[in-house]
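Written out below as structure tokens is the structure these notes cover.
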Amino acid sequence: MKKYLILFLLVVSSVARAEEGMLIPSLIQAFESDMKAMGMRLSASDIYNVNQSSIKDAIMHFGGGCTAEIVSKEGLLLTNHHCGYSQVQSHSSLEKDYLKYGFWAKTHAEELPNPNLTATRIVRIDDVTEAMLFGTQGIDDAARLNEIMVGNMKTLIEDAKRGTHYQADVQAFDYGNSYYLMVKEVFLDVRLVGSPPNSIGKFGGDTDNWVWPRHTGDFSVFRIYAGSDNKPAAYSPDNVPYTPLHHLPIAFKNRKEGEFTMVYGFPGLTEQHLSSGNLKYIVDKQRPMEISMRTKSLSVIDAAMRASDQTRIQYSAKQARIANAWKKNIGQIDGLKQLDAVGKKIEFETEYVKRANSKEEWKKYAGLIDKMNRLVDEKSTYEFHFNLYVEYLLVGPEMFKLARAMEDLETNYDKYKASGELQKKIDNFIKGADSFFKDYDAKVDQDIFNLLTAEFNKYAEGSYAIEGTKKTGLSEAIYTKSILVNKERYVAFLKKLSEGNAFKKLKKDAGYNLFKECWSVFQKSLRPNAATYSDEMDALLKVFVEGKRIMFPDLKQWSDANSTLRITYGKLEGSSPTDGMMYTSHTTLAGIIAKNQIANPDFELLPRMTELFQQKDYGDYAQDGELWVCFTGSNHTTGGNSGSPVLNADGYLMGLNFDRSWESTMSDYLFDPSRCRNIVVDIRYVLWVMDKYAGAKHLVDEMTLMK
């Protein structure tokens with residue numbers, strides 16, 4: 001009897017278990033029966049099909065960093081508020097404060113264009129491993145091997161694009177154990193349709209970021225436009241709304257605890273295979289440095305934004321970008337330590353080595369762990385300093401952005417002049433000065449520079465320390481005289497560039513000289529060393545993953561996220577991440593009002609929200625008298641899944657994925673089914689905001705509501 005009880009418990013636990021893994025859509029048929037056992041009523045061909053329309057045709061890669069989904073026959077696109085935030089910010093000003101009050105286009109003519117914003121549909125995904133490796137058998141020379149594979153890749157891409165308007169690329173999976181061809185349709189005209197105010201779209205701010213319970217209406221609305229032939233076209237007033245192959249119907253019926261959920265999107269990066277030594281380095285050294293650098297920047301930006309509406313508008317998008325990774329990293333370290341992730345890695349590695357030594361044909365895998373950990377000890381300093389320089393030069397003081405542009409002009413001046421491109425380059429930089437300095441405050445930048453330079457000097461060691469950062473009076477020299485911190489000086493310099501001697505002035509510029517000193521070390525020494533370290537580690541990981549698949553056939557195996565289209569499935573459910581803590585599976589509008597009573601600016605509301613709550617004017621969007629705001633699912637997600645549709649058993653849109661819980665942020669390295677939960681804004685709350693709050697019911701009327 002005891003034996004059968006144990007068997008029963010094992011079966012129950014496997015059914016209730018959250019599903020780890022980010023699955024390649026073209027392989028989804030292998031998981032169809034398991035997904036149906038969890039409640040799905042779709043077929044694999046409903047989800048992914050290249051011969052007829054399927055759900056994949058409604059999923060868009062938004063701007064290359066987020067996911068979006070088409071929800072109407074007229075190309076209406078939903079994504080997260082934070083994904084469209086830079087576009088909303090770019091259209092905002094003190095006179096038109098769309099960040100604070102929201103924006104809603106009443107007609108197509110009022111929808112706002114966004115230069116360089118794209119939406120990409122995946123046409124098909126092909127396994128091209130055999131074709132990529134053709135002609136490489138028996139070749140050990142790395143240069144020759146790379147030459148053959150580059151040639152194979154070029155042929156595959158050219159063949160895929162021939163006779164079409166599509167684009168294509170080939171992506172390596174599992175460190176080069178397999179390769180997939182992605183054929184894409186890239187739309188170039190994506191317009192802003194609507195965005196809620198920050199008090200909805202960013203409700204909770206940094207206080208609630210990566211935290212559950214959550215009450216954030218994290219959505220924005222765009223529309224894809226195309227040429228008269230329904231194909232991608234550059235922005236033109238003559239373009240028309242895109243007619244999609246498929247759009248997602250809206251799941252309007254009541255939600256149930258335990259019901260099936262599927263996330264379809266473009267997750268960015270996971271690293272499940274790293275060795276114990278590599279993970280320890282990340283937890284103990286890299287992440288603390290990154291957190292420290294961003295803490296300094298945020299201390300300046302947050303204070304400046306609170307003191308001035310002008311600065312708030314200028315720095316809102318920048319603050320969000322910096323703060324998002326900052327808080328995630330804090331939670332990630334905490335979760336990895338709580339779960340003893342390094343210890344778990346060591347346990348698995350011990351078993352890996354044991355199995356490798358059990359068969360002669362597996363002996364080649366036995367020494368991999370030691371090699372990887374030894375490589376970390378010997379060369380991780382390159383990766384550490386690479387990331388330190390990224391935080392300082394690319395995330396830190398903004399005057400470095402203009403310095404990079406000037407460095408490019410100086411380095412390639414003769415080439416640009418000979419090709420006739422010089423004046424065009426100069427004109428583009430002059431034109432770009434307006435948008436840069438519109439959102440720039442030299443005093444804020446100087447305060448960031450002062451703190452980050454001191455922090456940089458604390459971490460930079462050996463040949464990667466920069467003497468120029470320690471000069472007396474450096475900050476004052478830069479922020480009173482440099483062309484990089486003043487629009488008039490910058491534009492005047494650019495206008496004289498074609499005269500040929502203008503670079504003499506630039507060589508006396510303290511800001512530019514500092515950048516060049518840092519950039520030279522970064523480009524000539526640090527980047528090559530970091531790249532070599534990465535290549536050496538990836539070569540070991542390729543063999544390690546091969547051994548994992550061969551020696552552990554019963555282990556669930558999936559390819560790390562790499563910004564390609566993936567599927568995860570799970571259930572709508574809460575969690576109990578730590579002893580004595582129980583998270584419910586959803587939140588309601590009442591929670592927003594309760595948080596608003598706390599004296600915290602992250603929980604501020606505009607009067608309209610309180611009025612609607614008091615009136616209990618929920619329309620058809622409520623469930624059992626409550627308006628759901630967010631819910632959690634046991635889907636495996638990461639960055640890039642922001643904006644991904646969360647679909648029910650019938651493929652209807654339940655909500656937009658926008659975050660993970662604090663306890664889940666370590667899932668990029670270690671997925672724990674008992675605590676990892678993705679956070680979703682309920683589509684009914686999204687539609688309620690459009691309809692009741694914003695008076696934009698015309699957008700709801702475009703959609704297909706499944707009541």
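Note on naming: chains are A, B, ... as they come in the structure tokens, residues start from 1 per chain, ligands start from 1 in the order shown.
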Find the residues near region 507-518 of chain A: any atom within 8 Å, counting only C-alpha atoms, skip ones fewer than 3 places away on the same chain, and give them as number ranges by chain.
-> A: 393, 399-400, 403-404, 407, 466, 468-469, 474, 477-478, 481-484, 503-504, 521-522
Each residue of region 331-431 of chain A lying at most 10 Å from region 282-300 of chain A should get a row with its shortest atom-to-atom pair and the distance in Å to one decimal, counting only C-alpha atoms; could you produce that, ordered by chain and increasing number, as a Markdown table?
| residue | atom | partner | partner_atom | distance |
| --- | --- | --- | --- | --- |
| A:Gln332 | CA | A:Val283 | CA | 8.4 |
| A:Ile333 | CA | A:Val283 | CA | 5.7 |
| A:Asp334 | CA | A:Val283 | CA | 8.9 |
| A:Leu336 | CA | A:Val283 | CA | 7.7 |
| A:Lys337 | CA | A:Val283 | CA | 8.1 |
| A:Ala341 | CA | A:Val283 | CA | 9.8 |
| A:Val342 | CA | A:Val283 | CA | 9.1 |
| A:Ser380 | CA | A:Gln286 | CA | 9.6 |
| A:Thr381 | CA | A:Gln286 | CA | 9.7 |
| A:Glu383 | CA | A:Gln286 | CA | 8.5 |
| A:Phe384 | CA | A:Gln286 | CA | 6.0 |
| A:His385 | CA | A:Gln286 | CA | 9.1 |
| A:Asn387 | CA | A:Glu290 | CA | 7.8 |
| A:Leu388 | CA | A:Glu290 | CA | 7.2 |
| A:Val390 | CA | A:Glu290 | CA | 9.6 |
| A:Glu391 | CA | A:Met293 | CA | 6.9 |
| A:Tyr392 | CA | A:Met293 | CA | 7.8 |
| A:Val395 | CA | A:Arg294 | CA | 8.5 |
| A:Gly396 | CA | A:Ser297 | CA | 7.1 |
| A:Pro397 | CA | A:Ser297 | CA | 8.6 |
Residues at most 10 Å from Asn80 (chain A), counting only C-alpha atoms, excluding those fewer than 5 positions away in the same chain, as a list in words?
->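 So, after excluding close chain neighbours, the residues are Phe62, Cys66, Thr67, Ala68, Tyr85, Ser195, Gly201, Gly217, Asp218, Phe219, Ser220, Val221, Asn641, Ser642, Gly643, Ser644, Leu656, Asn657, Phe658, Asp659 and Val681 of chain A.
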Those in region 340-393 of chain A with alpha helix (DSSP H) from DSSP, as a VMD selection string = chain A and resid 341 to 356 368 to 389
Region 124-153 of chain A near region 37-55 of chain A within 12 Å: what's each residue's closest atom pair and its distance in Å to one decimal, counting only C-alpha atoms, ordered by chain then ascending residue number, as JSON lines?
{"residue": "A:Arg124", "atom": "CA", "partner": "A:Val50", "partner_atom": "CA", "distance": 6.0}
{"residue": "A:Ile125", "atom": "CA", "partner": "A:Val50", "partner_atom": "CA", "distance": 8.7}
{"residue": "A:Asp126", "atom": "CA", "partner": "A:Val50", "partner_atom": "CA", "distance": 10.4}
Please write the residues from the selection above to a file, keeping C-alpha atoms, as a PDB file, in the first residue's frame.
ATOM      1  CA  ARG A 124       9.319  29.834 -40.516  1.00  0.00           C
ATOM      2  CA  ILE A 125      12.006  28.097 -38.455  1.00  0.00           C
ATOM      3  CA  ASP A 126      14.139  25.396 -40.099  1.00  0.00           C
TER       4      ASP A 126
END
Per-residue nearest contacts of region 179-275 of chain A to region 343-349 of chain A (12 Å; only C-alpha atoms) as JSON lines:
{"residue": "A:Gln272", "atom": "CA", "partner": "A:Lys345", "partner_atom": "CA", "distance": 10.0}
{"residue": "A:His273", "atom": "CA", "partner": "A:Lys345", "partner_atom": "CA", "distance": 9.1}
{"residue": "A:Leu274", "atom": "CA", "partner": "A:Lys345", "partner_atom": "CA", "distance": 8.6}
{"residue": "A:Ser275", "atom": "CA", "partner": "A:Lys345", "partner_atom": "CA", "distance": 6.9}
Shell around Tyr352 (chain A) at 12 Å using only C-alpha atoms, local window under 6 positions removed, as an MDAnalysis selection string | chainID A and resid 275 345:346 358 362:370 544:552
I need the chosen residues saved as an mmCIF file, in the first residue's frame, with C-alpha atoms.
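Contents of result25.cif, as written:
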data_model
loop_
_atom_site.group_PDB
_atom_site.id
_atom_site.type_symbol
_atom_site.label_atom_id
_atom_site.label_comp_id
_atom_site.auth_asym_id
_atom_site.auth_seq_id
_atom_site.Cartn_x
_atom_site.Cartn_y
_atom_site.Cartn_z
ATOM 1 C CA SER A 275 29.764 25.618 -14.325
ATOM 2 C CA LYS A 345 25.676 22.757 -9.540
ATOM 3 C CA ILE A 346 28.469 20.962 -7.694
ATOM 4 C CA SER A 358 31.723 4.915 -16.324
ATOM 5 C CA TRP A 362 32.252 9.005 -22.409
ATOM 6 C CA LYS A 363 35.732 9.644 -20.988
ATOM 7 C CA LYS A 364 36.125 12.780 -23.151
ATOM 8 C CA TYR A 365 33.532 14.499 -20.947
ATOM 9 C CA ALA A 366 35.215 13.689 -17.625
ATOM 10 C CA GLY A 367 37.622 16.631 -17.457
ATOM 11 C CA LEU A 368 35.291 19.362 -18.722
ATOM 12 C CA ILE A 369 34.109 20.656 -15.344
ATOM 13 C CA ASP A 370 37.646 21.147 -14.059
ATOM 14 C CA PHE A 544 29.580 19.721 -21.950
ATOM 15 C CA VAL A 545 26.026 20.075 -23.324
ATOM 16 C CA GLU A 546 26.663 17.265 -25.812
ATOM 17 C CA GLY A 547 27.695 15.036 -22.900
ATOM 18 C CA LYS A 548 24.671 16.112 -20.871
ATOM 19 C CA ARG A 549 22.310 15.063 -23.644
ATOM 20 C CA ILE A 550 24.044 11.729 -24.165
ATOM 21 C CA MET A 551 24.660 10.732 -20.538
ATOM 22 C CA PHE A 552 21.389 12.040 -19.042
#
Separation of CA of Leu540 (chain A) from CA of Met372 (chain A), in Å and rounded to one decimal =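 Going from CA of Leu540 (chain A) over to CA of Met372 (chain A), I get 6.8 Å.
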What lies within 8 Å of region 611-619 of chain A using only C-alpha atoms, ignoring chain neighbours under 2 positions off, as a ChimeraX atom specification?
-> /A:589-590,593,607-609,621-622,627,688,692-693
Non-local contacts of region 102-106 of chain A (7 Å; only C-alpha atoms; under 3 positions in same chain excluded) as a list in words =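 In the requested form, the answer reads Tyr98, Leu99, Glu110, Glu111, Val193, Gly194, Ser195, Pro196, Pro197 and Ala696 of chain A.
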File of the preceding selection, N, CA and C atoms, as a compact mmCIF listing (two decimals), in the first residue's frame:
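And here is the file that came out, result-v1.txt:
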# COMPACT_ATOMS: atom_id res chain seq x y z
N TYR A 98 2.52 63.05 -22.01
CA TYR A 98 1.89 61.74 -22.19
C TYR A 98 2.33 60.76 -21.11
N LEU A 99 3.50 60.97 -20.53
CA LEU A 99 3.96 60.08 -19.46
C LEU A 99 3.05 60.20 -18.25
N GLU A 110 -4.40 60.25 -36.00
CA GLU A 110 -3.75 60.76 -34.79
C GLU A 110 -2.66 59.82 -34.26
N GLU A 111 -2.52 58.64 -34.84
CA GLU A 111 -1.51 57.69 -34.38
C GLU A 111 -0.12 58.18 -34.76
N VAL A 193 -0.49 54.14 -30.67
CA VAL A 193 -1.94 54.31 -30.66
C VAL A 193 -2.42 54.77 -29.28
N GLY A 194 -1.88 54.17 -28.24
CA GLY A 194 -2.35 54.54 -26.91
C GLY A 194 -1.40 54.08 -25.82
N SER A 195 -1.40 54.82 -24.72
CA SER A 195 -0.58 54.46 -23.56
C SER A 195 -1.24 55.02 -22.31
N PRO A 196 -1.39 54.21 -21.27
CA PRO A 196 -1.97 54.73 -20.03
C PRO A 196 -0.97 55.65 -19.34
N PRO A 197 -1.42 56.45 -18.38
CA PRO A 197 -0.50 57.29 -17.62
C PRO A 197 0.44 56.43 -16.77
N ALA A 696 -11.46 55.10 -24.63
CA ALA A 696 -10.98 54.62 -25.93
C ALA A 696 -11.64 53.29 -26.30
Separation of CA of Ile59 (chain A) from CA of Arg121 (chain A), in Å and rounded to one decimal = 6.5 Å
Interatomic distance between CA of Glu147 (chain A) and CA of Asp560 (chain A)?
->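 Spanning CA of Glu147 (chain A) to CA of Asp560 (chain A) is a straight-line distance of 25.5 Å.
Using only C-alpha atoms, the smallest distance between any of A:Val183, A:Ile24, A:Ile157, A:Leu541 and Asn373 (chain A) comes from A:Leu541.
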What are the DSSP strand (DSSP E or B) residues of region 50-207 of chain A, as an NGL selection string?
-> :A and (59-62 or 66-70 or 76-79 or 103-104 or 112-113 or 119-127 or 167-173 or 178-187 or 189-195)
Considering only C-alpha atoms, return as a list in words whatever protein or nucleic-acid residues lie within 12 Å of Gly432 (chain A), sequence-local ones (same chain, fewer than 4 positions apart) excluded.
->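 Near Gly432 (chain A), the qualifying residues are Lys401, Leu402, Ala405, Lys425, Ile426, Asp427, Asn428, Phe436, Phe437, Lys438, Asp439, Lys487, Tyr490, Val491 and Leu494 of chain A.
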Using only C-alpha atoms, find the one residue out of A:Ala142, A:Ala109, A:Leu452, A:Leu565 that sits nearest to Leu27 (chain A).
->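 Distance minimum relative to Leu27 (chain A) lands on A:Leu565.
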So, counting only C-alpha atoms, which residue among A:Met305, A:Ala561, A:Leu451, A:Val71 is closest to Phe173 (chain A)?
->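 Looking only at the distances to Phe173 (chain A), the closest residue turns out to be A:Ala561.
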